[in-house]
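**Q** Structure supplied as query.csv; contents: CSV, C-alpha atoms.
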chain,number,residue,atom,x,y,z
Y,1,MET,CA,-1.4,-0.4,-22.6
Y,2,VAL,CA,-1.6,-2.9,-19.7
Y,3,THR,CA,1.0,-2.2,-17.0
Y,4,PRO,CA,2.8,-5.2,-15.4
Y,5,LEU,CA,2.6,-4.7,-11.7
Y,6,ILE,CA,4.0,-6.2,-8.5
Y,7,LEU,CA,2.2,-5.4,-5.3
Y,8,ASP,CA,4.3,-5.4,-2.1
Y,9,CYS,CA,1.9,-5.1,0.8
Y,10,ASP,CA,1.0,-5.8,4.5
Y,11,PRO,CA,-2.7,-6.6,4.5
Y,12,GLY,CA,-4.4,-4.6,6.3
Y,13,HIS,CA,-7.9,-3.5,5.3
Y,14,ASP,CA,-6.8,-0.9,2.8
Y,15,ASP,CA,-4.2,-3.3,1.4
Y,16,ALA,CA,-7.0,-5.8,0.8
Y,17,LEU,CA,-8.9,-3.5,-1.4
Y,18,ALA,CA,-5.6,-2.5,-3.1
Y,19,ILE,CA,-5.2,-6.2,-4.1
Y,20,LEU,CA,-8.8,-6.4,-5.4
Y,21,LEU,CA,-8.3,-3.2,-7.5
Y,22,ALA,CA,-5.0,-4.6,-8.9
Y,23,VAL,CA,-6.6,-7.9,-9.9
Y,24,GLY,CA,-9.9,-6.5,-11.0
Y,25,ASP,CA,-8.9,-3.6,-13.2
Y,26,PRO,CA,-7.9,-4.4,-16.8
Y,27,ALA,CA,-5.4,-1.6,-17.0
Y,28,VAL,CA,-2.9,-3.6,-14.9
Y,29,ASP,CA,-1.6,-7.1,-14.9
Y,30,LEU,CA,-0.8,-8.3,-11.4
Y,31,LEU,CA,2.2,-10.5,-11.6
Y,32,ALA,CA,2.9,-11.2,-7.9
Y,33,VAL,CA,2.0,-10.2,-4.4
Y,34,THR,CA,4.8,-10.0,-1.8
Y,35,THR,CA,4.2,-9.4,1.9
Y,36,VAL,CA,6.0,-7.5,4.6
Y,37,ALA,CA,5.6,-7.0,8.3
Y,38,GLY,CA,3.8,-3.8,9.2
Y,39,ASN,CA,0.0,-3.7,9.8
Y,40,GLN,CA,0.5,-7.1,11.4
Y,41,THR,CA,3.2,-9.8,11.6
Y,42,VAL,CA,4.4,-11.0,8.2
Y,43,GLU,CA,2.8,-14.4,8.9
Y,44,LYS,CA,-0.6,-12.8,9.4
Y,45,CYS,CA,-0.2,-10.4,6.5
Y,46,THR,CA,0.7,-13.4,4.2
Y,47,VAL,CA,-2.4,-15.3,5.2
Y,48,ASN,CA,-4.5,-12.2,4.6
Y,49,ALA,CA,-3.1,-11.7,1.1
Y,50,ARG,CA,-3.9,-15.3,0.3
Y,51,ARG,CA,-7.4,-14.9,1.7
Y,52,VAL,CA,-8.2,-11.8,-0.3
Y,53,LEU,CA,-7.1,-13.5,-3.6
Y,54,SER,CA,-9.1,-16.7,-2.5
Y,55,LEU,CA,-12.2,-14.7,-1.9
Y,56,ALA,CA,-11.8,-13.0,-5.3
Y,57,GLY,CA,-11.4,-16.4,-7.1
Y,58,VAL,CA,-7.9,-15.5,-8.3
Y,59,THR,CA,-5.6,-18.5,-8.4
Y,60,ASP,CA,-2.8,-17.5,-10.8
Y,61,VAL,CA,-1.1,-14.7,-8.8
Y,62,PRO,CA,1.7,-16.0,-6.5
Y,63,VAL,CA,1.9,-14.8,-2.9
Y,64,ALA,CA,5.4,-14.8,-1.3
Y,65,ARG,CA,6.4,-14.0,2.3
Y,66,GLY,CA,8.9,-11.2,2.8
Y,67,ALA,CA,10.7,-9.4,5.6
Y,68,ASP,CA,9.5,-10.1,9.1
Y,69,ARG,CA,11.1,-7.0,10.6
Y,70,PRO,CA,12.5,-3.6,9.5
Y,71,LEU,CA,16.1,-3.3,8.4
Y,72,VAL,CA,17.5,-2.1,11.7
Y,73,ARG,CA,14.5,-1.2,14.0
Y,74,ARG,CA,12.1,-3.2,16.1
Y,75,LEU,CA,8.8,-3.9,14.4
Y,76,ARG,CA,5.8,-1.9,15.5
Y,77,ILE,CA,2.5,-3.3,14.2
Y,78,ALA,CA,-0.9,-1.5,13.8
Y,79,ASP,CA,-3.2,-4.0,15.6
Y,80,ASP,CA,-5.0,-1.0,17.1
Y,81,VAL,CA,-6.1,-0.1,13.6
Y,82,HIS,CA,-6.4,-3.5,11.8
Y,83,GLY,CA,-7.1,-5.9,14.7
Y,84,ALA,CA,-5.6,-9.1,16.0
Y,85,THR,CA,-5.7,-10.8,12.5
Y,86,GLY,CA,-4.7,-7.6,10.6
Y,87,LEU,CA,-8.0,-8.0,8.7
Y,88,ASP,CA,-10.6,-8.1,11.5
Y,89,GLY,CA,-14.3,-7.8,10.7
Y,90,PRO,CA,-15.9,-10.9,9.1
Y,91,ALA,CA,-15.0,-14.2,10.7
Y,92,PHE,CA,-13.0,-16.7,8.7
Y,93,THR,CA,-12.2,-20.3,9.4
Y,94,GLY,CA,-9.7,-22.6,7.8
Y,95,GLU,CA,-6.8,-21.9,5.4
Y,96,PRO,CA,-7.3,-19.8,2.3
Y,97,SER,CA,-7.4,-21.9,-0.9
Y,98,VAL,CA,-4.6,-19.8,-2.5
Y,99,PRO,CA,-1.3,-21.4,-1.4
Y,100,GLU,CA,1.8,-19.5,-0.2
Y,101,SER,CA,4.6,-19.5,-2.8
Y,102,PRO,CA,7.6,-21.8,-2.0
Y,103,TYR,CA,9.8,-18.8,-2.9
Y,104,SER,CA,10.6,-16.0,-0.5
Y,105,ALA,CA,9.4,-12.5,-1.5
Y,106,HIS,CA,13.0,-11.6,-2.5
Y,107,GLU,CA,13.3,-14.7,-4.7
Y,108,LEU,CA,10.0,-14.0,-6.3
Y,109,LEU,CA,10.8,-10.3,-7.0
Y,110,VAL,CA,14.1,-11.3,-8.6
Y,111,ASP,CA,12.4,-14.0,-10.7
Y,112,VAL,CA,9.7,-11.7,-12.0
Y,113,LEU,CA,11.9,-8.7,-12.7
Y,114,ARG,CA,14.5,-10.8,-14.5
Y,115,SER,CA,11.7,-12.0,-16.9
Y,116,ARG,CA,10.2,-8.6,-17.6
Y,117,PRO,CA,10.2,-4.9,-16.5
Y,118,ALA,CA,7.4,-4.1,-14.0
Y,119,THR,CA,6.1,-1.4,-11.8
Y,120,ILE,CA,6.3,-2.0,-8.0
Y,121,VAL,CA,3.4,-0.7,-6.0
Y,122,ALA,CA,4.3,-0.8,-2.3
Y,123,THR,CA,1.6,-0.2,0.3
Y,124,GLY,CA,3.6,-1.1,3.4
Y,125,ALA,CA,7.1,-0.5,4.8
Y,126,LEU,CA,9.7,-0.5,2.0
Y,127,THR,CA,11.9,-3.2,3.6
Y,128,ASN,CA,11.5,-5.8,0.8
Y,129,VAL,CA,12.1,-3.2,-1.9
Y,130,ALA,CA,15.2,-1.8,-0.2
Y,131,ARG,CA,16.7,-5.2,0.2
Y,132,LEU,CA,16.0,-6.0,-3.5
Y,133,LEU,CA,17.8,-2.8,-4.6
Y,134,ALA,CA,20.7,-3.3,-2.2
Y,135,GLU,CA,21.3,-7.0,-3.0
Y,136,GLU,CA,20.3,-7.0,-6.7
Y,137,PRO,CA,21.3,-3.5,-8.1
Y,138,SER,CA,21.4,-4.8,-11.6
Y,139,LEU,CA,17.6,-5.3,-11.5
Y,140,ALA,CA,16.9,-1.6,-10.8
Y,141,GLY,CA,16.7,-0.9,-14.5
Y,142,ASN,CA,13.8,-3.4,-14.8
Y,143,ILE,CA,11.7,-1.5,-12.2
Y,144,THR,CA,9.7,0.9,-14.3
Y,145,GLU,CA,8.6,2.9,-11.3
Y,146,ILE,CA,8.1,2.5,-7.6
Y,147,VAL,CA,4.7,3.9,-6.4
Y,148,TRP,CA,4.5,4.0,-2.7
Y,149,MET,CA,1.6,4.5,-0.4
Y,150,GLY,CA,3.5,6.1,2.4
Y,151,GLY,CA,4.7,9.4,3.9
Y,152,SER,CA,2.9,12.7,4.0
Y,153,THR,CA,3.5,16.3,3.0
Y,154,GLU,CA,1.9,17.3,6.3
Y,155,ARG,CA,1.2,15.6,9.6
Y,156,GLY,CA,1.6,11.9,10.4
Y,157,ASN,CA,-0.7,9.2,11.7
Y,158,ILE,CA,1.6,7.2,14.0
Y,159,ALA,CA,3.8,10.1,15.2
Y,160,PRO,CA,3.4,13.9,14.8
Y,161,LEU,CA,5.3,14.0,11.5
Y,162,ALA,CA,5.5,10.3,10.4
Y,163,GLU,CA,3.1,8.2,8.5
Y,164,ALA,CA,3.0,4.5,9.6
Y,165,ASN,CA,4.7,2.9,6.6
Y,166,ALA,CA,7.5,5.4,6.7
Y,167,PHE,CA,7.8,5.1,10.5
Y,168,VAL,CA,8.1,1.3,10.5
Y,169,ASP,CA,11.2,1.3,8.4
Y,170,PRO,CA,12.6,4.8,7.6
Y,171,GLU,CA,16.0,3.4,6.7
Y,172,ALA,CA,14.4,1.3,4.0
Y,173,ALA,CA,12.4,4.3,2.7
Y,174,ASP,CA,15.5,6.4,2.7
Y,175,LEU,CA,17.4,3.8,0.7
Y,176,VAL,CA,14.7,3.4,-1.9
Y,177,VAL,CA,14.2,7.2,-2.4
Y,178,ARG,CA,17.9,7.6,-2.9
Y,179,SER,CA,18.2,4.7,-5.3
Y,180,GLY,CA,17.5,6.6,-8.5
Y,181,VAL,CA,14.6,4.4,-9.5
Y,182,PRO,CA,11.6,6.6,-10.5
Y,183,PHE,CA,9.6,7.1,-7.4
Y,184,THR,CA,6.1,8.3,-6.6
Y,185,MET,CA,4.8,9.0,-3.1
Y,186,CYS,CA,1.1,8.8,-2.4
Y,187,GLY,CA,1.0,10.1,1.2
Y,188,LEU,CA,-1.7,10.9,3.7
Y,189,ASN,CA,-2.3,14.3,2.2
Y,190,VAL,CA,-3.9,12.6,-0.8
Y,191,THR,CA,-5.2,9.4,0.7
Y,192,HIS,CA,-7.3,11.3,3.2
Y,193,GLN,CA,-9.3,12.4,0.2
Y,194,ALA,CA,-10.3,8.8,-0.4
Y,195,LEU,CA,-12.9,8.5,2.4
Y,196,VAL,CA,-15.2,5.5,2.7
Y,197,THR,CA,-18.3,7.5,3.1
Y,198,ASP,CA,-21.9,6.2,3.5
Y,199,ASP,CA,-22.4,6.6,-0.3
Y,200,VAL,CA,-19.4,4.3,-0.9
Y,201,LEU,CA,-20.7,1.7,1.5
Y,202,ALA,CA,-24.1,1.9,-0.2
Y,203,ARG,CA,-22.5,1.2,-3.6
Y,204,LEU,CA,-20.7,-1.9,-2.2
Y,205,GLU,CA,-24.0,-3.1,-0.8
Y,206,ARG,CA,-25.8,-2.7,-4.1
Y,207,ILE,CA,-23.2,-5.0,-5.8
Y,208,GLY,CA,-24.8,-7.8,-3.9
Y,209,THR,CA,-22.1,-10.4,-4.2
Y,210,PRO,CA,-20.4,-12.3,-1.3
Y,211,LEU,CA,-17.1,-10.5,-2.1
Y,212,ALA,CA,-18.7,-7.1,-1.9
Y,213,ARG,CA,-20.4,-8.0,1.4
Y,214,VAL,CA,-17.0,-9.0,2.9
Y,215,CYS,CA,-15.6,-5.7,1.6
Y,216,GLY,CA,-18.4,-3.8,3.3
Y,217,GLU,CA,-17.7,-5.7,6.6
Y,218,TRP,CA,-14.0,-4.9,6.3
Y,219,MET,CA,-14.8,-1.2,5.8
Y,220,THR,CA,-17.2,-1.1,8.7
Y,221,PHE,CA,-14.6,-2.5,11.1
Y,222,PHE,CA,-12.0,-0.1,9.6
Y,223,ALA,CA,-14.3,2.8,10.1
Y,224,SER,CA,-14.8,1.9,13.8
Y,225,THR,CA,-11.1,1.9,14.6
Y,226,TYR,CA,-10.5,5.2,12.7
Y,227,ARG,CA,-13.4,6.8,14.5
Y,228,ASP,CA,-12.2,5.6,17.9
Y,229,LEU,CA,-8.5,6.5,17.3
Y,230,PHE,CA,-8.6,9.6,15.1
Y,231,GLY,CA,-12.2,10.9,15.3
Y,232,PHE,CA,-12.8,10.3,11.6
Y,233,GLU,CA,-16.5,10.0,10.6
Y,234,ALA,CA,-15.3,8.0,7.5
Y,235,PRO,CA,-12.0,6.1,7.2
Y,236,PRO,CA,-9.5,7.0,4.5
Y,237,LEU,CA,-8.8,4.1,2.1
Y,238,HIS,CA,-5.1,4.7,1.7
Y,239,ASP,CA,-3.5,1.9,-0.3
Y,240,PRO,CA,-5.7,1.6,-3.4
Y,241,VAL,CA,-4.8,5.2,-4.2
Y,242,ALA,CA,-1.3,4.1,-5.2
Y,243,VAL,CA,-2.7,1.4,-7.4
Y,244,ALA,CA,-5.1,3.9,-9.0
Y,245,ARG,CA,-2.2,6.1,-9.8
Y,246,VAL,CA,-0.8,3.3,-12.0
Y,247,ILE,CA,-4.1,2.4,-13.5
Y,248,ASP,CA,-4.8,6.0,-14.6
Y,249,PRO,CA,-2.4,8.8,-13.7
Y,250,THR,CA,-5.1,11.4,-14.1
Y,251,ILE,CA,-6.9,10.1,-11.1
Y,252,VAL,CA,-4.0,11.1,-8.8
Y,253,HIS,CA,-2.4,14.4,-9.6
Y,254,CYS,CA,1.3,14.7,-8.8
Y,255,VAL,CA,4.0,17.3,-8.9
Y,256,ASP,CA,7.8,16.9,-9.0
Y,257,ALA,CA,9.6,17.8,-5.8
Y,258,ASN,CA,12.6,16.9,-3.7
Y,259,LEU,CA,11.9,14.2,-1.1
Y,260,VAL,CA,14.1,13.1,1.8
Y,261,VAL,CA,13.3,10.7,4.6
Y,262,GLU,CA,14.3,11.5,8.2
Y,263,THR,CA,16.1,8.7,9.9
Y,264,THR,CA,17.9,10.2,12.8
Y,265,GLY,CA,15.6,12.8,14.4
Y,266,GLU,CA,14.7,12.2,18.0
Y,267,TRP,CA,11.1,13.3,17.4
Y,268,THR,CA,10.9,13.1,13.6
Y,269,ALA,CA,12.1,9.7,12.5
Y,270,GLY,CA,10.1,8.6,9.6
Y,271,ALA,CA,9.1,12.1,8.5
Y,272,THR,CA,9.0,12.5,4.8
Y,273,VAL,CA,10.4,16.0,4.1
Y,274,VAL,CA,8.9,17.2,0.8
Y,275,ASP,CA,10.3,20.5,-0.6
Y,276,LEU,CA,7.2,21.6,-2.5
Y,277,ASP,CA,8.4,25.2,-2.6
Y,278,ARG,CA,12.0,24.5,-3.4
Y,279,TYR,CA,13.4,26.1,-0.3
Y,280,THR,CA,16.5,23.8,-0.2
Y,281,GLY,CA,17.5,24.2,-3.9
Y,282,ARG,CA,17.8,20.4,-4.1
Y,283,PRO,CA,16.6,19.0,-7.4
Y,284,PRO,CA,13.3,17.1,-7.6
Y,285,ASN,CA,13.8,13.4,-7.1
Y,286,ALA,CA,10.2,12.2,-6.7
Y,287,ARG,CA,6.6,12.6,-7.9
Y,288,ILE,CA,4.5,13.7,-5.0
Y,289,ALA,CA,0.7,13.0,-5.1
Y,290,LEU,CA,-1.4,16.0,-4.1
Y,291,THR,CA,-5.0,15.6,-5.2
Y,292,LEU,CA,-7.4,12.8,-6.0
Y,293,ASP,CA,-10.3,12.6,-8.4
Y,294,ARG,CA,-12.5,11.0,-5.8
Y,295,GLU,CA,-15.3,10.1,-8.2
Y,296,ALA,CA,-13.0,8.4,-10.7
Y,297,PHE,CA,-11.2,6.6,-7.9
Y,298,TRP,CA,-14.3,5.1,-6.4
Y,299,ASP,CA,-15.6,4.2,-9.9
Y,300,ARG,CA,-12.5,2.1,-10.5
Y,301,VAL,CA,-12.6,0.4,-7.1
Y,302,VAL,CA,-16.3,-0.4,-7.2
Y,303,THR,CA,-16.1,-1.6,-10.8
Y,304,ALA,CA,-13.1,-3.9,-9.9
Y,305,ILE,CA,-15.0,-5.5,-7.0
Y,306,THR,CA,-18.1,-5.9,-9.2
Y,307,THR,CA,-16.0,-7.6,-11.9
Y,308,LEU,CA,-14.4,-10.0,-9.5
Y,309,GLY,CA,-17.8,-10.8,-7.9
What do you get writing this file as structure tokens?
**A**
Amino acid sequence: MVTPLILDCDPGHDDALAILLAVGDPAVDLLAVTTVAGNQTVEKCTVNARRVLSLAGVTDVPVARGADRPLVRRLRIADDVHGATGLDGPAFTGEPSVPESPYSAHELLVDVLRSRPATIVATGALTNVARLLAEEPSLAGNITEIVWMGGSTERGNIAPLAEANAFVDPEAADLVVRSGVPFTMCGLNVTHQALVTDDVLARLERIGTPLARVCGEWMTFFASTYRDLFGFEAPPLHDPVAVARVIDPTIVHCVDANLVVETTGEWTAGATVVDLDRYTGRPPNARIALTLDREAFWDRVVTAITTLG
């Protein structure tokens, strides 16, 4: 079965490859791309989403601009990781050929979900999804599942206990987790298993297409910032892990557990508190990704980029 999918993202190098995986893998049907502020401003993230689809030659997927700030907090962008454009590395000039939708992200989400049920894969802050659930509760039943790249069962990457997508808008994440819509969290604990090692870069180079070359340049830039900021020898490709979970659930192994999002802690805002050992007695309310089949994951990513090339 082909899974209808909406990708809500903030491109971002890893979001870029998540888009390519979603449009290049036959197991999913990408219905729309919506953008949110996070890795960069929403204006830059929207241009980046359009650019990725343009490079891939995909013209039938609408791209709509979403929230330009979190629900209640000031926006913090990740230009130290993704650069001034949000997608630094290869130099681009001019506007992407794929246009921006005349609809807002909220309007596009409503339109798509009224027409058919779909899975939402969110690879940024959950601001757009939270607003959708708050303002259009009748559409919750048409969301088959929300699969989020965000959070962590362990340490964070922007604060000691907070992953960046959770930290940017913890109130939105809290609302979405408590909505009752089936929810899967692909956090840092699993995405750090998706490292862009030298063998992966070599596979991209062997594809030999312009798109693959750009992907290699994106990953090279991404590797440089991860090395400088975090000491990683190879960067983790976070966001495509959430798409891979939808494409083939066996690639990303999950367990059921209780998940709450910290919104008030002075030092822990944005922490995703995952009760893997059931200390609290609270019932499971989420699927939590724990392990990645790295070989199968990279096979799907490389094959998608090859197909699009």
**Q** Show me, as a Markdown table, the residues of region 207-304 of chain Y having an atom within 7 Å of region 111-134 of chain Y, each with the closest atom pair and its distance in Å, using only C-alpha atoms.
**A**
| residue | atom | partner | partner_atom | distance |
| --- | --- | --- | --- | --- |
| Y:Asp239 | CA | Y:Thr123 | CA | 5.5 |
| Y:Ala242 | CA | Y:Val121 | CA | 6.8 |
| Y:Val243 | CA | Y:Val121 | CA | 6.6 |
**Q** Any chance you could export the current selection's C-alpha atoms as a PDB file, in the frame of the given file?
**A**
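Generated file (selection-v3.pdb):
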ATOM      1  CA  ASP Y 239      -3.500   1.900  -0.300  1.00  0.00           C
ATOM      2  CA  ALA Y 242      -1.300   4.100  -5.200  1.00  0.00           C
ATOM      3  CA  VAL Y 243      -2.700   1.400  -7.400  1.00  0.00           C
TER       4      VAL Y 243
END
**Q** When you draw a straight line from CA of Gly180 (chain Y) to CA of Val252 (chain Y), how long is it in Å?
**A**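 Taking CA of Gly180 (chain Y) as the start and CA of Val252 (chain Y) as the end point, the length is 22.0 Å.
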**Q** Would you list the contacts of Val81 (chain Y) as a list in words, taking every protein, DNA or RNA residue within 9 Å and counting all atoms listed in the file, but skipping same-chain residues closer than 5 positions in sequence?
**A** Gly12, Asn39, Gly86, Phe222, Ser224, Thr225, Tyr226 and Leu229 of chain Y
**Q** Dump C-alpha atoms for the selected residues as a compact mmCIF listing (two decimals), in the frame of the given file?
**A**
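Listed below is the output, out-v1.txt:
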# COMPACT_ATOMS: atom_id res chain seq x y z
CA GLY Y 12 -4.40 -4.60 6.30
CA ASN Y 39 0.00 -3.70 9.80
CA GLY Y 86 -4.70 -7.60 10.60
CA PHE Y 222 -12.00 -0.10 9.60
CA SER Y 224 -14.80 1.90 13.80
CA THR Y 225 -11.10 1.90 14.60
CA TYR Y 226 -10.50 5.20 12.70
CA LEU Y 229 -8.50 6.50 17.30
**Q** Measure the distance from CA of Val176 (chain Y) to CA of Gln193 (chain Y) in Å and round it to one decimal.
**A**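 Between these atoms lies a distance of 25.7 Å.
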**Q** Please determine the residues with any atom at most 12 Å from (9.1, 19.0, 3.9) (coordinates as given in the file, with all atoms listed in the file counting) and report them as a ChimeraX atom specification.
**A** /Y:151-155,161-162,257-262,268,270-280,282,288
**Q** My list of candidates is Y:Ala159, Y:Ala304, Y:Ile19, Y:Val110. Which is closest to Ser138 (chain Y) when distances are computed with all atoms listed in the file?
**A**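 The shortest atom-to-atom distance to Ser138 (chain Y) comes from Y:Val110.
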**Q** Quick one, how far is CA of Ala223 (chain Y) from CA of Asp88 (chain Y)?
**A** 11.6 Å
**Q** Just the residues within 12 Å of Ala212 (chain Y), please, counting all atoms listed in the file, with nothing from its chain fewer than 3 positions along; format it as a PyMOL selection string.
**A** chain Y and resi 17+20+52+55-56+90+200-209+215-219+301-309
**Q** Y:Trp267, Y:Phe297, Y:Trp148, Y:Phe92: which is nearest Leu7 (chain Y), counting all atoms listed in the file?
**A**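 Of Y:Trp267, Y:Phe297, Y:Trp148, Y:Phe92, the one nearest Leu7 (chain Y) is Y:Trp148, counting all atoms listed in the file.
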**Q** Restricting the calculation to only C-alpha atoms, which member of Y:Arg294, Y:His13, Y:His238, Y:Arg245 is positioned closest to Ile146 (chain Y)?
**A**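 Distance minimum relative to Ile146 (chain Y) lands on Y:Arg245.
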**Q** Within 9 Å of Leu87 (chain Y), counting all atoms listed in the file, which residues show up once you throw out same-chain ones fewer than 2 positions away? Write them as a PyMOL selection string, please.
**A** chain Y and resi 11-13+16+40+44-45+48+82-85+89-90+218+221-222
**Q** Counting only C-alpha atoms, what is within 7 Å of region 61-72 of chain Y, bar same-chain residues fewer than 2 positions away, as a list in words?
**A**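 Everything that qualifies: Leu30, Leu31, Ala32, Val33, Thr34, Thr35, Val36, Ala37, Thr41, Val42, Thr46, Arg50, Val58, Thr59, Arg74, Leu75, Glu100, Ser101, Tyr103, Ser104, Ala105, His106, Leu108, Thr127, Asn128, Val168, Asp169, Glu171 and Ala172 of chain Y.
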**Q** Counting all atoms listed in the file, figure out which residue out of Y:Asp25, Y:Asp80, Y:Asp256, Y:Asp60 gets nearest to Arg227 (chain Y).
**A**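 Among Y:Asp25, Y:Asp80, Y:Asp256, Y:Asp60, it is Y:Asp80 that comes nearest to Arg227 (chain Y).
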**Q** Using all atoms listed in the file, find the one residue out of Y:Val255, Y:Ile77, Y:Val23, Y:Ile247 that sits nearest to Thr3 (chain Y).
**A**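 Of the candidates, the smallest distance to Thr3 (chain Y) is held by Y:Ile247.
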**Q** Using all atoms listed in the file, collect all residues at a distance of at most 7 Å from (2.7, 7.9, -9.9) as written in the file, then present them as a PyMOL selection string.
**A** chain Y and resi 147+184+245-246+249+287
**Q** Between Y:Val2, Y:Thr263, Y:Val47, Y:Ala18, which is the closest to Leu175 (chain Y) once you count all atoms listed in the file?
**A** Y:Thr263
